[in-house]
Each structure stands twice: as C-alpha cells, then as structure tokens.
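Enquirer: This is the content of input-v1.txt (compact mmCIF, C-alpha atoms and all ligand atoms):
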```
# COMPACT_ATOMS: atom_id res chain seq x y z
CA MET A 1 85.43 148.90 151.61
CA LEU A 2 84.64 147.77 148.06
CA PRO A 3 87.44 148.07 145.48
CA GLU A 4 87.44 151.29 143.42
CA PRO A 5 86.48 150.72 139.74
CA GLU A 6 88.66 151.90 136.82
CA ALA A 7 87.99 155.37 135.35
CA GLU A 8 86.28 153.95 132.24
CA ALA A 9 83.92 151.83 134.36
CA ARG A 10 83.15 154.82 136.59
CA ALA A 11 82.28 156.85 133.49
CA ALA A 12 79.93 154.09 132.21
CA SER A 13 78.24 153.96 135.62
CA ALA A 14 77.84 157.76 135.56
CA ARG A 15 76.13 157.51 132.14
CA LEU A 16 73.70 154.92 133.53
CA GLY A 17 73.19 157.18 136.57
CA GLU A 18 72.16 159.96 134.18
CA ARG A 19 69.68 157.61 132.46
CA ILE A 20 68.21 156.70 135.86
CA ARG A 21 67.97 160.41 136.82
CA VAL A 22 65.98 161.12 133.62
CA GLU A 23 63.51 158.34 134.49
CA LEU A 24 63.27 159.55 138.08
CA ALA A 25 62.49 163.08 136.92
CA ALA A 26 59.77 161.75 134.58
CA GLY A 27 58.29 159.71 137.44
CA GLY A 28 58.10 162.52 140.03
CA ASN A 29 61.41 161.47 141.68
CA TRP A 30 60.34 157.85 142.13
CA ILE A 31 60.64 154.58 140.21
CA GLY A 32 59.78 151.13 141.51
CA PHE A 33 62.71 148.91 142.46
CA GLU A 34 61.83 146.50 139.64
CA ARG A 35 62.39 149.25 137.08
CA TYR A 36 65.62 150.30 138.80
CA MET A 37 66.90 146.71 138.74
CA GLU A 38 65.93 146.39 135.06
CA LEU A 39 67.96 149.50 134.23
CA ALA A 40 70.90 148.60 136.48
CA LEU A 41 71.21 145.11 134.99
CA HIS A 42 69.82 145.27 131.49
CA ALA A 43 69.75 148.87 130.10
CA PRO A 44 71.18 148.44 126.57
CA GLY A 45 74.92 149.11 126.53
CA LEU A 46 74.99 150.36 130.13
CA GLY A 47 73.37 147.79 132.44
CA TYR A 48 75.53 145.29 134.28
CA TYR A 49 74.74 142.38 131.93
CA ALA A 50 74.54 144.57 128.82
CA GLY A 51 77.82 146.45 129.41
CA GLY A 52 81.48 145.49 129.23
CA ALA A 53 82.13 144.25 132.80
CA ALA A 54 83.85 140.84 133.07
CA LYS A 55 80.99 139.53 135.26
CA LEU A 56 81.75 135.78 135.41
CA GLY A 57 84.85 133.91 136.54
CA ALA A 58 87.96 134.80 138.53
CA SER A 59 88.39 138.29 137.03
CA GLY A 60 84.66 139.04 137.36
CA ASP A 61 82.21 139.34 140.22
CA PHE A 62 80.90 135.81 140.81
CA ALA A 63 81.45 132.20 139.74
CA THR A 64 78.61 129.88 138.72
CA ALA A 65 78.56 126.06 138.69
CA PRO A 66 79.43 125.81 134.95
CA GLU A 67 82.34 128.21 135.52
CA LEU A 68 83.97 125.91 138.08
CA GLY A 69 84.85 123.31 135.44
CA THR A 70 83.10 120.61 133.43
CA LEU A 71 81.97 118.27 136.22
CA TYR A 72 78.63 120.06 136.68
CA ALA A 73 77.80 120.02 132.96
CA ARG A 74 78.90 116.42 132.47
CA THR A 75 76.61 115.35 135.32
CA LEU A 76 73.69 117.50 134.18
CA ALA A 77 74.18 116.04 130.68
CA ARG A 78 72.96 112.67 131.97
CA GLN A 79 69.60 114.16 132.93
CA VAL A 80 69.36 116.11 129.68
CA ALA A 81 70.17 112.99 127.62
CA ASP A 82 67.45 111.12 129.47
CA LEU A 83 64.85 113.80 128.68
CA LEU A 84 65.74 114.52 125.06
CA ALA A 85 63.82 112.62 122.38
CA PRO A 86 65.31 112.13 118.88
CA GLY A 87 65.12 115.28 116.76
CA GLU A 88 64.55 117.56 119.76
CA ALA A 89 66.63 120.61 120.70
CA ILE A 90 68.29 122.01 123.80
CA LEU A 91 67.47 125.65 124.53
CA GLU A 92 69.61 127.44 127.09
CA PHE A 93 68.51 130.76 128.58
CA GLY A 94 71.19 133.26 129.61
CA ALA A 95 74.28 131.26 128.67
CA GLY A 96 76.80 133.60 130.34
CA SER A 97 80.32 132.85 129.08
CA GLY A 98 79.07 129.80 127.13
CA ALA A 99 80.78 127.36 129.51
CA LEU A 100 77.72 125.15 130.08
CA ALA A 101 76.89 125.13 126.36
CA ALA A 102 80.45 124.17 125.39
CA ALA A 103 80.55 121.27 127.84
CA LEU A 104 77.03 120.00 127.05
CA ILE A 105 77.67 120.12 123.30
CA ALA A 106 80.94 118.20 123.79
CA GLU A 107 79.16 115.60 125.92
CA LEU A 108 75.88 115.17 124.03
CA ALA A 109 76.46 116.43 120.46
CA PRO A 110 72.78 117.49 120.23
CA GLU A 111 71.18 118.09 116.82
CA ARG A 112 70.47 121.71 117.78
CA TYR A 113 71.74 123.78 120.70
CA LEU A 114 69.81 127.05 120.89
CA ILE A 115 70.62 130.03 123.11
CA LEU A 116 68.32 132.86 124.13
CA GLU A 117 70.47 135.58 125.66
CA THR A 118 69.26 139.08 126.56
CA SER A 119 72.77 140.58 126.77
CA ALA A 120 74.25 141.47 123.36
CA GLU A 121 77.68 141.66 124.98
CA LEU A 122 77.49 138.13 126.43
CA ALA A 123 75.94 136.76 123.22
CA ALA A 124 78.98 138.07 121.32
CA ARG A 125 81.29 136.29 123.77
CA GLN A 126 79.25 133.08 123.40
CA ARG A 127 79.46 133.31 119.59
CA ALA A 128 83.24 133.73 119.77
CA ARG A 129 83.48 130.61 121.96
CA LEU A 130 80.91 128.33 120.34
CA GLY A 131 80.78 129.43 116.69
CA ALA A 132 78.60 127.22 114.53
CA ARG A 133 78.00 124.70 117.32
CA ALA A 134 75.06 126.78 118.62
CA GLN A 135 72.33 129.05 117.24
CA TRP A 136 71.20 132.27 118.87
CA LEU A 137 67.52 133.18 119.01
CA GLU A 138 66.07 136.68 119.18
CA ARG A 139 62.90 135.50 120.87
CA LEU A 140 61.26 132.40 122.26
CA PRO A 141 60.01 130.05 119.50
CA GLU A 142 56.22 129.80 119.17
CA ARG A 143 56.48 126.05 119.77
CA PHE A 144 59.31 124.09 121.33
CA ARG A 145 60.06 120.41 121.85
CA GLY A 146 63.07 119.40 123.88
CA VAL A 147 64.91 120.53 126.99
CA MET A 148 65.13 124.11 128.24
CA LEU A 149 67.82 125.07 130.76
CA ALA A 150 68.09 128.16 132.95
CA ASN A 151 71.15 128.12 135.19
CA GLU A 152 71.30 131.19 137.46
CA VAL A 153 69.04 133.16 135.13
CA ALA A 154 65.88 133.52 137.24
CA ASP A 155 67.85 135.31 140.00
CA ALA A 156 68.86 138.00 137.47
CA MET A 157 65.24 138.83 136.60
CA PRO A 158 64.09 142.14 138.12
CA VAL A 159 61.96 141.83 141.26
CA HIS A 160 59.56 144.15 143.04
CA ALA A 161 60.61 145.14 146.56
CA LEU A 162 57.90 145.21 149.22
CA ALA A 163 57.58 146.43 152.79
CA TRP A 164 54.85 145.29 155.14
CA ARG A 165 54.42 148.21 157.55
CA ARG A 166 51.94 148.91 160.35
CA GLU A 167 50.46 151.61 158.10
CA GLY A 168 49.98 149.13 155.24
CA LEU A 169 51.60 147.37 152.33
CA MET A 170 54.26 149.50 150.61
CA GLU A 171 56.16 149.14 147.35
CA ARG A 172 59.81 150.00 147.86
CA GLY A 173 61.30 152.12 145.12
CA VAL A 174 64.08 154.57 144.42
CA SER A 175 64.32 158.37 144.80
CA MET A 176 67.11 160.90 144.46
CA VAL A 177 67.81 162.37 147.91
CA ASP A 178 70.58 164.99 148.29
CA GLY A 179 72.11 163.91 144.98
CA ALA A 180 72.23 160.18 145.86
CA LEU A 181 69.94 157.24 145.10
CA ALA A 182 67.94 156.15 148.16
CA TRP A 183 65.06 153.86 149.05
CA ALA A 184 61.59 155.45 149.07
CA GLU A 185 58.18 153.82 149.62
CA ARG A 186 54.71 154.20 148.15
CA PRO A 187 51.52 152.24 148.83
CA ALA A 188 51.56 149.01 146.80
CA ALA A 189 48.85 148.59 144.16
CA GLY A 190 47.45 146.26 141.51
CA GLU A 191 48.91 142.82 140.76
CA LEU A 192 51.79 143.39 143.18
CA ARG A 193 49.42 144.14 146.05
CA GLU A 194 47.36 141.05 145.22
CA ALA A 195 50.46 138.82 145.12
CA ALA A 196 51.72 140.25 148.42
CA ARG A 197 48.35 139.74 150.11
CA GLN A 198 48.66 135.99 149.52
CA LEU A 199 51.72 135.86 151.80
CA ARG A 200 51.65 135.50 155.57
CA VAL A 201 54.49 137.53 157.09
CA PRO A 202 54.99 139.34 160.39
CA VAL A 203 54.97 143.17 160.44
CA PRO A 204 57.34 144.94 159.93
CA TYR A 205 58.85 142.87 157.13
CA GLU A 206 60.69 143.46 153.84
CA SER A 207 61.04 141.09 150.92
CA GLU A 208 60.82 140.68 147.17
CA ILE A 209 58.27 139.32 144.71
CA GLY A 210 59.37 138.12 141.27
CA LEU A 211 56.41 138.88 139.03
CA MET A 212 58.67 138.87 135.96
CA ALA A 213 59.97 135.35 136.66
CA ARG A 214 56.38 134.14 137.04
CA ALA A 215 55.38 135.72 133.71
CA TRP A 216 58.47 134.15 132.09
CA MET A 217 57.42 130.74 133.40
CA ARG A 218 53.84 131.17 132.13
CA LEU A 219 55.17 132.09 128.68
CA LEU A 220 57.48 129.06 128.58
CA ALA A 221 54.59 126.86 129.66
CA ALA A 222 52.52 128.14 126.75
CA ARG A 223 55.30 127.43 124.23
CA LEU A 224 56.59 124.06 125.50
CA GLU A 225 54.84 121.43 123.40
CA ARG A 226 56.76 118.47 124.80
CA GLY A 227 59.75 118.24 127.05
CA ALA A 228 61.06 119.85 130.19
CA LEU A 229 62.53 122.99 131.68
CA LEU A 230 65.22 122.74 134.36
CA VAL A 231 65.63 125.85 136.53
CA VAL A 232 68.76 125.81 138.68
CA ASP A 233 69.25 128.68 141.08
CA TYR A 234 69.59 129.73 144.68
CA GLY A 235 66.31 130.03 146.47
CA PHE A 236 63.65 128.43 148.61
CA PRO A 237 60.06 127.30 148.66
CA GLU A 238 57.60 130.02 149.75
CA ARG A 239 57.47 128.90 153.38
CA GLU A 240 61.22 129.43 153.78
CA TYR A 241 61.47 132.43 151.47
CA TYR A 242 58.95 134.43 153.50
CA HIS A 243 60.10 133.01 156.83
CA PRO A 244 59.68 135.38 159.81
CA GLN A 245 63.45 135.34 160.30
CA ARG A 246 64.15 136.51 156.73
CA ALA A 247 62.66 139.93 157.53
CA MET A 248 65.21 141.84 155.42
CA GLY A 249 64.48 139.99 152.17
CA THR A 250 66.96 138.34 149.84
CA LEU A 251 68.47 141.10 147.70
CA MET A 252 72.19 140.60 147.21
CA CYS A 253 74.83 142.48 145.24
CA HIS A 254 78.08 141.05 143.91
CA TYR A 255 81.12 143.13 143.08
CA ARG A 256 84.51 141.49 142.50
CA HIS A 257 83.62 138.39 144.54
CA ARG A 258 82.32 140.42 147.48
CA ALA A 259 78.67 140.15 148.45
CA HIS A 260 76.94 143.15 150.00
CA GLY A 261 73.47 144.64 150.35
CA ASP A 262 73.63 148.08 148.68
CA PRO A 263 71.88 148.01 145.27
CA PHE A 264 72.74 151.70 144.71
CA PHE A 265 76.51 151.18 144.70
CA ARG A 266 77.87 152.03 141.21
CA PRO A 267 74.80 151.10 139.12
CA GLY A 268 75.78 149.01 136.11
CA LEU A 269 79.06 147.79 137.59
CA GLN A 270 77.74 145.25 140.05
CA ASP A 271 75.35 142.32 139.89
CA ILE A 272 72.05 142.65 141.77
CA THR A 273 70.11 139.48 142.50
CA ALA A 274 67.20 138.14 144.50
CA HIS A 275 66.72 134.55 145.58
CA VAL A 276 64.15 132.55 143.64
CA ASP A 277 60.75 131.66 145.12
CA PHE A 278 60.42 128.14 143.68
CA THR A 279 56.84 127.73 144.92
CA ALA A 280 55.78 130.73 142.83
CA LEU A 281 57.58 129.32 139.77
CA ALA A 282 56.01 125.88 140.23
CA ARG A 283 52.57 127.49 140.61
CA ALA A 284 53.06 129.55 137.43
CA ALA A 285 54.15 126.40 135.56
CA ARG A 286 51.06 124.52 136.74
CA GLU A 287 48.83 127.46 135.78
CA GLY A 288 50.33 127.15 132.31
CA GLY A 289 49.44 123.45 132.17
CA LEU A 290 52.87 121.98 132.96
CA GLU A 291 53.53 119.23 135.46
CA VAL A 292 56.09 119.60 138.24
CA LEU A 293 58.52 116.75 137.51
CA GLY A 294 60.85 117.22 140.45
CA TYR A 295 62.38 119.61 142.97
CA ALA A 296 65.58 118.92 144.87
CA ASN A 297 68.60 120.64 146.27
CA GLN A 298 71.60 120.70 143.95
CA ALA A 299 73.51 118.06 145.92
CA GLY A 300 70.63 115.58 145.83
CA PHE A 301 70.02 116.20 142.15
CA LEU A 302 73.66 115.78 141.13
CA VAL A 303 74.10 112.65 143.25
CA ASP A 304 70.98 111.10 141.70
CA CYS A 305 72.28 112.05 138.26
CA GLY A 306 75.44 110.06 139.03
CA ILE A 307 78.11 112.67 139.84
CA THR A 308 80.12 110.02 141.68
CA GLU A 309 80.15 107.77 138.58
CA VAL A 310 81.27 110.71 136.42
CA LEU A 311 84.08 111.35 138.90
CA GLY A 312 84.79 107.64 139.22
CA ARG A 313 85.61 107.38 135.50
CA GLU A 314 88.63 109.62 136.13
CA ASP A 315 92.03 108.27 137.12
CA ALA A 316 92.43 109.27 140.78
CA ALA A 317 96.19 108.63 140.50
CA ASP A 318 96.45 111.48 137.97
CA ALA A 319 96.46 114.16 140.67
CA ALA A 320 96.86 117.09 138.26
CA ARG A 321 93.57 116.17 136.58
CA TYR A 322 91.72 114.61 139.49
CA ALA A 323 92.31 117.19 142.24
CA PRO A 324 90.45 120.05 140.45
CA LEU A 325 87.51 117.72 139.72
CA ALA A 326 87.35 116.64 143.37
CA ALA A 327 87.42 120.31 144.38
CA GLN A 328 84.52 120.99 141.98
CA ALA A 329 82.53 118.12 143.50
CA GLN A 330 83.12 119.52 146.98
CA LYS A 331 81.90 122.99 145.97
CA LEU A 332 78.87 121.67 144.05
CA LEU A 333 77.76 119.24 146.77
CA SER A 334 78.77 120.69 150.14
CA PRO A 335 75.81 122.06 152.12
CA ALA A 336 78.08 124.94 153.18
CA GLU A 337 78.69 125.86 149.52
CA MET A 338 76.19 125.25 146.67
CA GLY A 339 74.74 121.88 147.69
CA GLU A 340 71.78 123.05 149.78
CA LEU A 341 71.09 126.69 148.86
CA PHE A 342 70.92 125.88 145.14
CA LYS A 343 67.82 124.03 143.98
CA VAL A 344 66.75 122.31 140.80
CA LEU A 345 63.13 122.57 139.65
CA ALA A 346 62.00 120.47 136.69
CA VAL A 347 58.66 121.16 135.01
CA GLY A 348 57.40 119.75 131.75
CA ARG A 349 54.79 118.23 129.51
CA GLY A 350 54.54 114.72 128.10
CA VAL A 351 57.56 113.46 130.03
CA PRO A 352 57.46 110.01 131.61
CA ARG A 353 58.44 110.10 135.28
CA PRO A 354 60.45 109.58 137.40
CA LEU A 355 63.38 111.70 136.29
CA LEU A 356 66.90 110.44 136.93
CA GLY A 357 67.92 113.47 139.01
CA PHE A 358 65.01 113.16 141.44
CA ALA A 359 64.92 109.39 141.87
CA ASN A 360 65.76 109.53 145.61
CA CYS A 361 65.51 113.14 146.62
CA ASP A 362 62.34 114.67 145.18
CA ARG A 363 61.04 117.40 147.51
CA SER A 364 58.28 118.69 145.26
CA HIS A 365 55.78 118.07 148.09
CA THR A 366 57.44 121.02 149.89
CA LEU A 367 56.60 123.50 147.12
C1 LIG B 1 74.25 135.01 136.48
S1 LIG B 1 74.45 134.88 134.75
C2 LIG B 1 74.50 133.12 134.54
C3 LIG B 1 75.22 132.69 133.29
C4 LIG B 1 75.27 131.17 133.04
N1 LIG B 1 73.95 130.60 132.89
C5 LIG B 1 76.02 130.47 134.12
O1 LIG B 1 75.41 129.77 134.92
O2 LIG B 1 77.25 130.65 134.19
C6 LIG B 1 72.85 135.33 134.13
C7 LIG B 1 72.68 135.18 132.65
O3 LIG B 1 71.32 135.33 132.27
C8 LIG B 1 71.18 136.32 131.24
N2 LIG B 1 69.80 136.81 131.39
C9 LIG B 1 69.30 137.63 132.33
N3 LIG B 1 67.96 137.77 132.19
C10 LIG B 1 67.61 136.98 131.14
C11 LIG B 1 66.38 136.66 130.49
N4 LIG B 1 65.24 137.22 130.90
N5 LIG B 1 66.40 135.80 129.45
C12 LIG B 1 67.55 135.25 129.03
N6 LIG B 1 68.75 135.51 129.59
C13 LIG B 1 68.78 136.37 130.63
C14 LIG B 1 72.34 137.23 131.51
O4 LIG B 1 72.67 138.05 130.42
C15 LIG B 1 73.43 136.21 131.81
O5 LIG B 1 73.91 135.58 130.64
```
Would you encode the structure as structure tokens?
Ligand SMILES: C[S@@+](CC[C@H](N)C(=O)[O-])C[C@H]1O[C@@H](n2cnc3c(N)ncnc32)[C@H](O)[C@@H]1O
Expert:
Amino acid sequence: MLPEPEAEARAASARLGERIRVELAAGGNWIGFERYMELALHAPGLGYYAGGAAKLGASGDFATAPELGTLYARTLARQVADLLAPGEAILEFGAGSGALAAALIAELAPERYLILETSAELAARQRARLGARAQWLERLPERFRGVMLANEVADAMPVHALAWRREGLMERGVSMVDGALAWAERPAAGELREAARQLRVPVPYESEIGLMARAWMRLLAARLERGALLVVDYGFPEREYYHPQRAMGTLMCHYRHRAHGDPFFRPGLQDITAHVDFTALARAAREGGLEVLGYANQAGFLVDCGITEVLGREDAADAARYAPLAAQAQKLLSPAEMGELFKVLAVGRGVPRPLLGFANCDRSHTL
C-alpha cells in the first residue's frame, strides 16, 4: 500500500486528472503515453515537476547523487575543470534542488554557471539557494562553448510506450475506462514505428522509446560549438535495454521513496521515469556531428576522476565528518546501489581525448 497523500495534494492531482480527461475527450478517449507522461510530469502548475511536491531528498520521493552530499560533485568537478577552457561556461540542465550547482560553484568558481530548468517551481527553489552565483536561461543559447551537465534529467523526459504483439506493432496509450485511467493500444505509426522497427525483440514484448531525448540531443549537438555534454543517468546500451528478458520495459514510478509500476497512481504527485537508452543518445549526438568521448558506469567514471583522492584528503580520524562521506562513496560506487546501473556518457566537439573520467574504463565500444 502506498501512503495516502494530504488533502491539498489530492486536490491538485484531481485538477490534473480533469486536465487529462479534457485531452482524452478531445482525442476520442485516447492519448499516447508520451503525452500522458508530459502532462503528469510537466503540465504547468500541476505536473509532478511543475507543482509543489517536495520531490527530492528525504522528505520527497527519491534521492539523486548530488542530494547525498558533496562527494559526487567534488569528484565530478575534476572532470569539468579538465574540460573547461578559459572564458567558457557551465550549463546545467534540470538542476533540481540546486545541490550540484552549489557544490560545483564552491569547488570551481566558474566565470558563468547557467541553468536551464523547465520547472518554474524548482527554478524558484534554485534561485533562493544560489542567488547571484548562477543565471537562469529561458531557452538553449544559439551557440555554446563549455560544459553541459544533465544529471538524472534524460530519465524525466517523456517516452513513447510500445508493444510488439503478434498482430503487429502497437503504441501504448491511455484511455478512461469505468472512470479510471487505463492502458489502451493503437497501431504504431510514423517516426515511432520506424524507430521501433530498428529494434530486434521477441514477441510479445513491451518497452519504451525516448524520441524526445533523441531530439534534445540533436538540438544540443547543433548548438555546442566547442566543449562537452555529460549525461549521467540510469540506463543501458540498446542491446541490454531491449534484452529479451526485459519484456516489461523500464517504466518506474517513485512515490515517497517507494518504487512501483503504476503510472496512473495519483497523476502529478509521483515521479514517472524510464531508463535511458544510451546507444540512441550516442547515435543522435553523432548524427549532430558530435564525437562520443566516453561511456562508463558511474563507479568506473568516479574512480577514474579520483574519488579516492577526494576522500583521501579528508581526516579519517574525524568520524563525524568522515563517516557520511564514506557512506556516500559506498552508495555512489557499489554495484548494488548506483555504481553499475548509472552510466556516464560524454559527447563533445573540439575536445582533446582521453578524458580523465574514462581513462581506464571507457565502454563506448558497447554503444
Ligand atoms: C530527477 S530531477 C534531477 C535533479 C538534479 N539534476 C539532481 O540530480 O538532483 C529532474 C530535473 O530535470 C528537470 N527537467 C525535466 N525535463 C527537463 C528538460 N527537458 N530540460 C531541463 N530540465 C528538465 C526537472 O524539473 C528536475 O529539475
């Protein structure tokens, strides 16, 4: 049983439900899952990221690497410092609570720290935390030189849901059935059908395709004049993503630190995510003229960046300070926690290789 939300949260979810019902009615009682996910996460004022829910941290629904403490950011800072040329900026997508920004600014004191955040509610929280130390952008600059960062942002981008059935390729969407939201399928068409036809999966099979993340990557590729983009998220290369054993796809919902598989539970109050297909992102980057600079699991990347040296600078005898940092290292590196499921993909233009974080563990040949 998932915990019952407060009355105010239930009312906000009901308002979003009404918005979804209006769209369903306009669409003949069907919308694609991508549109549903867009509304559930990003509908202005009502979606999960756009609304008032705590989201990150202990009182929220999930914890990310920057939320654990500063060890992650201080280690990542070494790679960023290595990539950043004089006069260049850091641009962070989806900065959440501002934790990564705060720690990177403290560590690197960059000339400009830019944030592109789609949630007005989170941007307000970031402004309250960071003040004049960062600048918020409304849209992607036409040209950018420097380092772009996206930590757990790609997994929040709406995905299409697909079903490979004996009768053909279906797009999974949402209908209202007996007053409740339910899955409903239609034959897949257009770009989605083409993308799905490239994949070899057994039948029956269900999974997701992130067309929006690919388009995002192509846009960044067009705007990145010199520098790199680091995408850190949970996911796999295509071969593992569409593995015969992953026949139920990768959709996951987070509500108050419980993970479950029902995207229709209290729309707007829970996070909905899909794992990231890193092969598709790398392909989109290459199509946009970028080079793949490295791909590794989070543990390999952080070790190559020197996480043990960062930890080693601390006084191990000062247990009150050292114990939480050691706990962070364990969570970031352990294959049972974030070390293996989370990956780091670096793409860029005009960057001399090899990159610090991939010196010993580059797996880009697996993409
Ligand atoms: C799971 S949170 C991660 C927050 C933070 N990066 C961290 O690691 O703690 C996802 C963040 O991405 C933002 N976001 C979602 N889609 C986005 C997009 N297309 N562009 C920029 N930010 C986006 C959300 O509002 C939120 O700040």
Enquirer: Could you pull out the residues sitting within 10 Å of ligand LIG 1 (chain B), using only C-alpha atoms and all ligand atoms, and write them as a ChimeraX atom specification?
Expert: /A:38,41-42,47-51,55-57,61-68,92-101,115-123,126,139-140,149-158,212-213,216,232-233,271-273
Enquirer: Quote the spacing between atom CA of A:Leu224 and atom CA of A:Arg349 in Å to one decimal place.
Expert: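 Atom CA of A:Arg349 lies 7.3 Å from atom CA of A:Leu224.
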Enquirer: Would you mind listing what lies within 10 Å of A:Arg74 as number ranges by chain, with all atoms listed in the file counted and same-chain residues fewer than 2 positions away left out?
Expert: A: 66, 69-72, 76-80, 100, 103-108, 305-307, 310-311
Enquirer: What does the structure give for the distance between atom CA of A:Met170 and atom CA of A:Ser207, in Å to one decimal?
Expert: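 We find that atom CA of A:Met170 and atom CA of A:Ser207 lie 10.8 Å from each other.
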Enquirer: What separation in Å, quoted to one decimal, exists between atom CA of A:Gln270 and atom CA of A:Arg172?
Expert: 20.1 Å
Enquirer: Give me the residues near stretch 238-251 of chain A as number ranges by chain, where near means some atom within 6 Å (using all atoms listed in the file) and where sequence neighbours in that chain fewer than 5 positions away do not count.
Expert: A: 205-207, 273-275, 277, 279
Enquirer: Of the candidates A:Leu16, A:Ala89, A:Val203, A:Ile209, which shows the shortest atom-to-atom distance to A:Ala188, using only C-alpha atoms?
Expert: A:Ile209
Enquirer: Just the residues within 8 Å of A:Arg15, please, counting all atoms listed in the file, with nothing from its chain fewer than 4 positions along; format it as a list of chain:residue names.
Expert: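 In the requested format, the answer is A:Ala11, A:Arg19, A:Leu46.
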Enquirer: Compile the contact shell of stretch 109-113 of chain A as a list in words: residues with an atom at most 7 Å away, counting all atoms listed in the file, same-chain residues fewer than 4 positions apart removed.
Expert: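 Once the nearby chain positions are removed, what remains is Gly87, Ala89, Ile90, Leu91, Ile105, Ala134 and Gln135 of chain A.
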Enquirer: Identify which of the residues A:Arg193, A:Pro324, A:Ser13, A:Ala228 lies closest to A:Leu83, counting all atoms listed in the file when measuring atom-to-atom distances.
Expert: A:Ala228
Enquirer: Given the choices A:Arg35, A:Trp30, A:Val344, A:Glu8, which gets closest to A:Tyr234 if the distance is worked out from all atoms listed in the file?
Expert: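 With all atoms listed in the file as the atom set, the closest residue is A:Val344.
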Enquirer: Show me, as a PDB file with C-alpha atoms, keeping the file's coordinate frame, the residues that have an atom within 9 Å of stretch 189-191 of chain A when counting all atoms listed in the file, minus same-chain residues fewer than 2 positions from it.
Expert:
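In the end it all went to selection_22.pdb:
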```pdb
ATOM      1  CA  LEU A 169      51.600 147.370 152.330  1.00  0.00           C
ATOM      2  CA  MET A 170      54.260 149.500 150.610  1.00  0.00           C
ATOM      3  CA  GLU A 171      56.160 149.140 147.350  1.00  0.00           C
ATOM      4  CA  PRO A 187      51.520 152.240 148.830  1.00  0.00           C
ATOM      5  CA  ARG A 193      49.420 144.140 146.050  1.00  0.00           C
ATOM      6  CA  GLU A 194      47.360 141.050 145.220  1.00  0.00           C
ATOM      7  CA  ALA A 195      50.460 138.820 145.120  1.00  0.00           C
ATOM      8  CA  ALA A 196      51.720 140.250 148.420  1.00  0.00           C
ATOM      9  CA  LEU A 211      56.410 138.880 139.030  1.00  0.00           C
TER      10      LEU A 211
END
```
Enquirer: Let me make sure I understand: among A:Tyr295, A:Phe264, A:Phe236, A:Phe342, which one has the smallest atom-to-atom distance to A:Ser175 if we use all atoms listed in the file?
Expert: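 Going through A:Tyr295, A:Phe264, A:Phe236, A:Phe342 one by one, the smallest distance to A:Ser175 is for A:Phe264.
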Enquirer: Can you find the residues with an atom no farther than 9 Å from (57.9, 120.0, 138.4), counting only C-alpha atoms, and report them as a list in words?
Expert: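 Protein, DNA and RNA residues close to (57.9, 120.0, 138.4): Ala228, Leu229, Leu230, Ala282, Ala285, Arg286, Leu290, Glu291, Val292, Leu293, Gly294, Tyr295, Leu345, Ala346, Val347, Gly348 and Ser364 of chain A.
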Enquirer: Restricting the calculation to all atoms listed in the file, which member of A:Gly173, A:Pro5, A:Pro267, A:Gly227 is positioned closest to A:Leu84?
Expert: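 Nearest candidate to A:Leu84 out of A:Gly173, A:Pro5, A:Pro267, A:Gly227: A:Gly227.
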Enquirer: Here is a test: counting only C-alpha atoms, which residue of A:Pro237, A:Asp318, A:Ala299, A:Thr366 is nearest to A:Gln330?
Expert: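 Among the listed residues, the smallest separation from A:Gln330 belongs to A:Ala299.
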